[in-house]
$ cat protein_36.pdb   # PDB, C-alpha atoms
ATOM      1  CA  MET A   1       0.669 -24.410 -50.898
ATOM      2  CA  ARG A   2       0.440 -20.709 -50.129
ATOM      3  CA  ALA A   3      -2.914 -21.243 -48.352
ATOM      4  CA  LEU A   4      -1.369 -24.020 -46.261
ATOM      5  CA  VAL A   5       1.537 -21.807 -45.145
ATOM      6  CA  LEU A   6      -0.847 -18.923 -44.377
ATOM      7  CA  GLY A   7      -3.134 -21.234 -42.409
ATOM      8  CA  MET A   8      -0.201 -22.601 -40.392
ATOM      9  CA  GLY A   9       0.906 -19.044 -39.619
ATOM     10  CA  ILE A  10      -2.528 -18.115 -38.309
ATOM     11  CA  VAL A  11      -2.653 -21.243 -36.151
ATOM     12  CA  ALA A  12       0.813 -20.453 -34.751
ATOM     13  CA  VAL A  13      -0.198 -16.885 -33.878
ATOM     14  CA  LEU A  14      -3.449 -17.975 -32.263
ATOM     15  CA  GLY A  15      -1.682 -20.748 -30.373
ATOM     16  CA  GLY A  16       0.861 -18.266 -29.056
ATOM     17  CA  CYS A  17      -1.894 -15.949 -27.850
ATOM     18  CA  ALA A  18      -3.701 -18.750 -26.084
ATOM     19  CA  SER A  19      -0.599 -19.871 -24.211
ATOM     20  CA  GLN A  20       0.316 -16.457 -22.816
ATOM     21  CA  GLU A  21      -1.323 -15.278 -19.614
ATOM     22  CA  ASP A  22      -3.274 -12.014 -19.867
ATOM     23  CA  THR A  23      -1.727  -9.821 -17.181
ATOM     24  CA  SER A  24      -3.468  -6.608 -18.259
ATOM     25  CA  ARG A  25      -6.347  -7.239 -15.857
ATOM     26  CA  GLN A  26      -4.291  -8.282 -12.842
ATOM     27  CA  CYS A  27      -4.110  -6.000  -9.872
ATOM     28  CA  GLY A  28      -3.442  -5.755  -6.183
ATOM     29  CA  TRP A  29      -4.628  -3.368  -3.520
ATOM     30  CA  VAL A  30      -2.978  -1.099  -0.967
ATOM     31  CA  SER A  31      -5.491  -0.048   1.656
ATOM     32  CA  GLY A  32      -5.803   2.063   4.762
ATOM     33  CA  TYR A  33      -9.509   1.767   5.548
ATOM     34  CA  GLN A  34      -9.295  -0.762   8.399
ATOM     35  CA  ASP A  35      -8.594   0.316  11.936
ATOM     36  CA  PRO A  36      -5.366  -1.439  12.886
ATOM     37  CA  PRO A  37      -5.127  -2.976  16.373
ATOM     38  CA  GLU A  38      -4.066  -0.241  18.808
ATOM     39  CA  ASN A  39      -3.137  -2.898  21.369
ATOM     40  CA  GLU A  40      -0.263  -3.693  18.968
ATOM     41  CA  ARG A  41       0.624   0.032  18.895
ATOM     42  CA  LEU A  42      -0.670   0.372  15.328
ATOM     43  CA  TYR A  43      -2.592   3.461  14.244
ATOM     44  CA  ARG A  44      -4.180   4.846  11.107
ATOM     45  CA  ALA A  45      -2.179   6.758   8.534
ATOM     46  CA  ILE A  46      -3.050   8.675   5.396
ATOM     47  CA  VAL A  47      -1.367   8.770   1.998
ATOM     48  CA  THR A  48      -0.018  12.089   0.731
ATOM     49  CA  HIS A  49       2.038  10.895  -2.263
ATOM     50  CA  LEU A  50       2.196   7.841  -4.520
ATOM     51  CA  ASN A  51       5.537   7.394  -6.294
ATOM     52  CA  GLY A  52       6.374  11.013  -5.492
ATOM     53  CA  THR A  53       3.158  12.438  -6.965
ATOM     54  CA  PRO A  54       0.728  14.200  -4.586
ATOM     55  CA  VAL A  55      -2.594  12.390  -4.198
ATOM     56  CA  ILE A  56      -5.812  12.869  -2.312
ATOM     57  CA  SER A  57      -5.847  10.155   0.311
ATOM     58  CA  ARG A  58      -8.438   7.453  -0.226
ATOM     59  CA  PRO A  59      -9.198   4.121   1.441
ATOM     60  CA  ASN A  60      -8.034   1.878  -1.444
ATOM     61  CA  TYR A  61      -5.469   2.036  -4.210
ATOM     62  CA  GLN A  62      -6.023  -0.522  -7.000
ATOM     63  CA  LEU A  63      -2.666  -0.999  -8.724
ATOM     64  CA  ALA A  64      -1.051  -3.175 -11.351
ATOM     65  CA  PRO A  65       1.487  -5.615  -9.902
ATOM     66  CA  GLY A  66       4.818  -3.903  -9.267
ATOM     67  CA  SER A  67       6.775  -1.776  -6.793
ATOM     68  CA  TYR A  68       5.293   1.404  -5.371
ATOM     69  CA  GLU A  69       6.365   4.051  -2.891
ATOM     70  CA  PHE A  70       3.723   5.550  -0.614
ATOM     71  CA  THR A  71       4.343   8.666   1.444
ATOM     72  CA  LEU A  72       2.336   8.527   4.662
ATOM     73  CA  VAL A  73       1.453  10.782   7.570
ATOM     74  CA  GLU A  74       0.694   9.093  10.874
ATOM     75  CA  LEU A  75      -2.483   9.659  12.874
ATOM     76  CA  ILE A  76      -1.148   8.398  16.210
ATOM     77  CA  ASP A  77      -3.239   9.553  19.135
ATOM     78  CA  ALA A  78      -1.441   7.693  21.946
ATOM     79  CA  VAL A  79      -1.611   9.503  25.285
ATOM     80  CA  ASP A  80       2.055   8.730  25.985
ATOM     81  CA  LEU A  81       3.307  10.398  22.790
ATOM     82  CA  ARG A  82       4.939  13.708  23.583
ATOM     83  CA  VAL A  83       6.689  15.206  20.578
ATOM     84  CA  ALA A  84       6.664  18.652  19.060
ATOM     85  CA  PRO A  85       4.454  19.297  16.012
ATOM     86  CA  GLU A  86       7.618  19.482  13.865
ATOM     87  CA  ALA A  87       8.334  15.825  14.689
ATOM     88  CA  HIS A  88       5.190  14.681  12.857
ATOM     89  CA  GLN A  89       6.908  14.154   9.516
ATOM     90  CA  LYS A  90       6.006  12.206   6.395
ATOM     91  CA  LYS A  91       7.645   8.831   5.861
ATOM     92  CA  THR A  92       7.785   6.471   2.904
ATOM     93  CA  LEU A  93       6.658   2.875   2.632
ATOM     94  CA  LYS A  94       7.707   0.672  -0.270
ATOM     95  CA  VAL A  95       5.184  -1.968  -1.280
ATOM     96  CA  ASP A  96       5.762  -4.734  -3.803
ATOM     97  CA  VAL A  97       2.207  -5.313  -4.993
ATOM     98  CA  ALA A  98       1.350  -8.831  -6.144
ATOM     99  CA  ALA A  99      -1.748  -9.749  -8.122
ATOM    100  CA  ASN A 100      -4.856 -10.622  -6.119
ATOM    101  CA  THR A 101      -3.379  -9.407  -2.825
ATOM    102  CA  ARG A 102      -4.475  -6.596  -0.491
ATOM    103  CA  TYR A 103      -1.910  -4.854   1.731
ATOM    104  CA  HIS A 104      -3.141  -2.893   4.766
ATOM    105  CA  PHE A 105      -0.841  -0.084   5.917
ATOM    106  CA  ALA A 106      -0.577   1.588   9.308
ATOM    107  CA  ALA A 107       1.689   3.695  11.491
ATOM    108  CA  ARG A 108       3.524   1.728  14.164
ATOM    109  CA  PHE A 109       4.217   3.727  17.324
ATOM    110  CA  LYS A 110       7.710   2.693  18.349
ATOM    111  CA  ASP A 111       7.308   2.855  22.103
ATOM    112  CA  ASP A 112      10.652   1.245  22.954
ATOM    113  CA  LYS A 113      11.842   4.575  24.411
ATOM    114  CA  ARG A 114      10.461   7.990  25.270
ATOM    115  CA  TYR A 115      10.318  10.482  22.432
ATOM    116  CA  PHE A 116      10.462  14.207  23.134
ATOM    117  CA  GLY A 117      10.959  17.395  21.185
ATOM    118  CA  LYS A 118      11.629  17.070  17.458
ATOM    119  CA  ASP A 119      12.545  13.357  17.448
ATOM    120  CA  ALA A 120      10.680  11.986  14.390
ATOM    121  CA  ASP A 121      11.805   8.399  15.032
ATOM    122  CA  PHE A 122       8.725   7.650  17.141
ATOM    123  CA  TRP A 123       6.899   5.889  14.298
ATOM    124  CA  GLU A 124       7.371   3.826  11.178
ATOM    125  CA  PRO A 125       5.046   2.969   8.291
ATOM    126  CA  VAL A 126       4.266  -0.750   8.062
ATOM    127  CA  ILE A 127       2.134  -3.303   6.274
ATOM    128  CA  TRP A 128       0.311  -4.915   9.160
ATOM    129  CA  GLN A 129      -1.909  -7.323   7.264
ATOM    130  CA  THR A 130      -2.108  -8.983   3.859
ATOM    131  CA  GLU A 131      -4.985 -10.968   2.420
ATOM    132  CA  ALA A 132      -6.256 -12.400  -0.845
ATOM    133  CA  ALA A 133      -8.359  -9.934  -2.854
ATOM    134  CA  GLU A 134      -9.809 -10.267  -6.331
ATOM    135  CA  CYS A 135      -9.152  -7.587  -8.890
ATOM    136  CA  GLU A 136     -12.284  -5.661  -9.809
ATOM    137  CA  THR A 137     -12.214  -4.920 -13.508
ATOM    138  CA  GLN A 138     -14.612  -2.597 -15.210
ATOM    139  CA  THR A 139     -16.261  -3.775 -18.392
ATOM    140  CA  PRO A 140     -16.817  -1.317 -21.240
TER     141      PRO A 140
END
$ encode --input "protein_36.pdb" --output "structure tokens"
Amino acid sequence: MRALVLGMGIVAVLGGCASQEDTSRQCGWVSGYQDPPENERLYRAIVTHLNGTPVISRPNYQLAPGSYEFTLVELIDAVDLRVAPEAHQKKTLKVDVAANTRYHFAARFKDDKRYFGKDADFWEPVIWQTEAAECETQTP
């Protein structure tokens, strides 16, 4: 009888493991390596912080699904942009990363009015493209 109960317990545990999805290997990507379309007033940007922690900017960030906050600096080189150096300020972009998805970020030049002096409202960080992307896991 004891062997039967023990055997049923093992089957229940194994059955429970088999029915749960393994999320430990899921990931999404946040990327800045593609040149966004300048004809849409989108320009490159670089990451300075991820969730408030300073980082060295890189082209791809492989992340577990969840919410993240990226601090970006724009690299807008539009000829009609005339603001003081102090206006080039960091801005944050919140990204809800889903598994198997790549998010491409950029700086959108808001050219709906003329910006002069220290007006930092001339740009906003955006996700300009999303696409399916497999998670690349490393095997031991």
$ residues_near_point --input "protein_36.pdb" --point "(-2.2, 4.2, 6.0)" --cutoff "12 Å" --atoms "all atoms listed in the file" --output "PyMOL selection string"
chain A and resi 30-36+42-50+57-61+70-76+90-93+103-108+124-129
$ axis_aligned_box --input "protein_36.pdb" --around "range 30-42 of chain A" --padding-each-side "6 Å" --output "AutoDock Vina command-line options"
--center_x -4.4 --center_y -0.8 --center_z 10.2 --size_x 22.1 --size_y 17.8 --size_z 34.3
$ resolve_selection --input "protein_36.pdb" --expression "the PyMOL selection byres ((chain A and resi 81) around 9)" --output "PyMOL selection string"
chain A and resi 76-80+82-83+109+111+114-116+122
$ resolve_selection --input "protein_36.pdb" --expression "the PyMOL selection byres ((chain A and resi 136) around 12)" --output "JSON, numbers by chain"
{"A": [25, 26, 27, 28, 29, 61, 62, 63, 64, 99, 100, 101, 133, 134, 135, 137, 138, 139]}
$ closest_residue --input "protein_36.pdb" --among "A:Glu38, A:Asp112, A:Asp119, A:Asp96" --to "Gly66 in chain A" --atoms "all atoms listed in the file"
A:Asp96
$ atom_distance --input "protein_36.pdb" --atom1 "CA of Lys110 in chain A" --atom2 "CA of Glu40 in chain A"
10.2 Å
$ atom_distance --input "protein_36.pdb" --atom1 "CA of Ser67 in chain A" --atom2 "CA of Ala132 in chain A"
17.8 Å
$ atom_distance --input "protein_36.pdb" --atom1 "CA of Glu86 in chain A" --atom2 "CA of Tyr68 in chain A"
26.5 Å
$ closest_residue --input "protein_36.pdb" --among "A:Gly52, A:Asn39, A:Glu69, A:Gln89" --to "Asp121 in chain A" --atoms "all atoms listed in the file"
A:Gln89
$ decode --input "protein_36.pdb" --residues "range 47-58 of chain A" --atoms "N, CA, C and O atoms" --output "PDB file, in the first residue's frame"
ATOM      1  N   VAL A  47      21.476  53.977 -25.392  1.00  0.00           N
ATOM      2  CA  VAL A  47      21.023  53.700 -24.028  1.00  0.00           C
ATOM      3  C   VAL A  47      22.116  54.124 -23.053  1.00  0.00           C
ATOM      4  O   VAL A  47      23.287  53.799 -23.246  1.00  0.00           O
ATOM      5  N   THR A  48      21.712  54.832 -22.006  1.00  0.00           N
ATOM      6  CA  THR A  48      22.659  55.193 -20.939  1.00  0.00           C
ATOM      7  C   THR A  48      22.355  54.450 -19.636  1.00  0.00           C
ATOM      8  O   THR A  48      23.259  54.220 -18.846  1.00  0.00           O
ATOM      9  N   HIS A  49      21.074  54.117 -19.424  1.00  0.00           N
ATOM     10  CA  HIS A  49      20.662  53.440 -18.190  1.00  0.00           C
ATOM     11  C   HIS A  49      19.574  52.422 -18.509  1.00  0.00           C
ATOM     12  O   HIS A  49      18.740  52.652 -19.392  1.00  0.00           O
ATOM     13  N   LEU A  50      19.574  51.326 -17.765  1.00  0.00           N
ATOM     14  CA  LEU A  50      18.515  50.324 -17.834  1.00  0.00           C
ATOM     15  C   LEU A  50      17.990  50.145 -16.423  1.00  0.00           C
ATOM     16  O   LEU A  50      18.751  49.785 -15.509  1.00  0.00           O
ATOM     17  N   ASN A  51      16.725  50.468 -16.222  1.00  0.00           N
ATOM     18  CA  ASN A  51      16.092  50.436 -14.898  1.00  0.00           C
ATOM     19  C   ASN A  51      16.884  51.248 -13.875  1.00  0.00           C
ATOM     20  O   ASN A  51      17.071  50.842 -12.734  1.00  0.00           O
ATOM     21  N   GLY A  52      17.390  52.393 -14.314  1.00  0.00           N
ATOM     22  CA  GLY A  52      18.110  53.299 -13.424  1.00  0.00           C
ATOM     23  C   GLY A  52      19.572  52.975 -13.198  1.00  0.00           C
ATOM     24  O   GLY A  52      20.283  53.739 -12.557  1.00  0.00           O
ATOM     25  N   THR A  53      20.056  51.863 -13.746  1.00  0.00           N
ATOM     26  CA  THR A  53      21.453  51.472 -13.581  1.00  0.00           C
ATOM     27  C   THR A  53      22.246  51.848 -14.837  1.00  0.00           C
ATOM     28  O   THR A  53      21.824  51.504 -15.945  1.00  0.00           O
ATOM     29  N   PRO A  54      23.373  52.552 -14.681  1.00  0.00           N
ATOM     30  CA  PRO A  54      24.173  52.911 -15.862  1.00  0.00           C
ATOM     31  C   PRO A  54      24.641  51.665 -16.612  1.00  0.00           C
ATOM     32  O   PRO A  54      25.011  50.665 -16.002  1.00  0.00           O
ATOM     33  N   VAL A  55      24.603  51.744 -17.940  1.00  0.00           N
ATOM     34  CA  VAL A  55      25.052  50.647 -18.788  1.00  0.00           C
ATOM     35  C   VAL A  55      25.895  51.207 -19.926  1.00  0.00           C
ATOM     36  O   VAL A  55      25.806  52.382 -20.257  1.00  0.00           O
ATOM     37  N   ILE A  56      26.705  50.347 -20.488  1.00  0.00           N
ATOM     38  CA  ILE A  56      27.406  50.689 -21.721  1.00  0.00           C
ATOM     39  C   ILE A  56      26.449  50.344 -22.846  1.00  0.00           C
ATOM     40  O   ILE A  56      25.954  49.221 -22.935  1.00  0.00           O
ATOM     41  N   SER A  57      26.179  51.307 -23.691  1.00  0.00           N
ATOM     42  CA  SER A  57      25.208  51.098 -24.761  1.00  0.00           C
ATOM     43  C   SER A  57      25.672  49.978 -25.682  1.00  0.00           C
ATOM     44  O   SER A  57      26.854  49.853 -25.998  1.00  0.00           O
ATOM     45  N   ARG A  58      24.726  49.146 -26.084  1.00  0.00           N
ATOM     46  CA  ARG A  58      25.021  48.063 -27.012  1.00  0.00           C
ATOM     47  C   ARG A  58      23.845  47.929 -27.974  1.00  0.00           C
ATOM     48  O   ARG A  58      22.769  48.468 -27.725  1.00  0.00           O
TER      49      ARG A  58
END
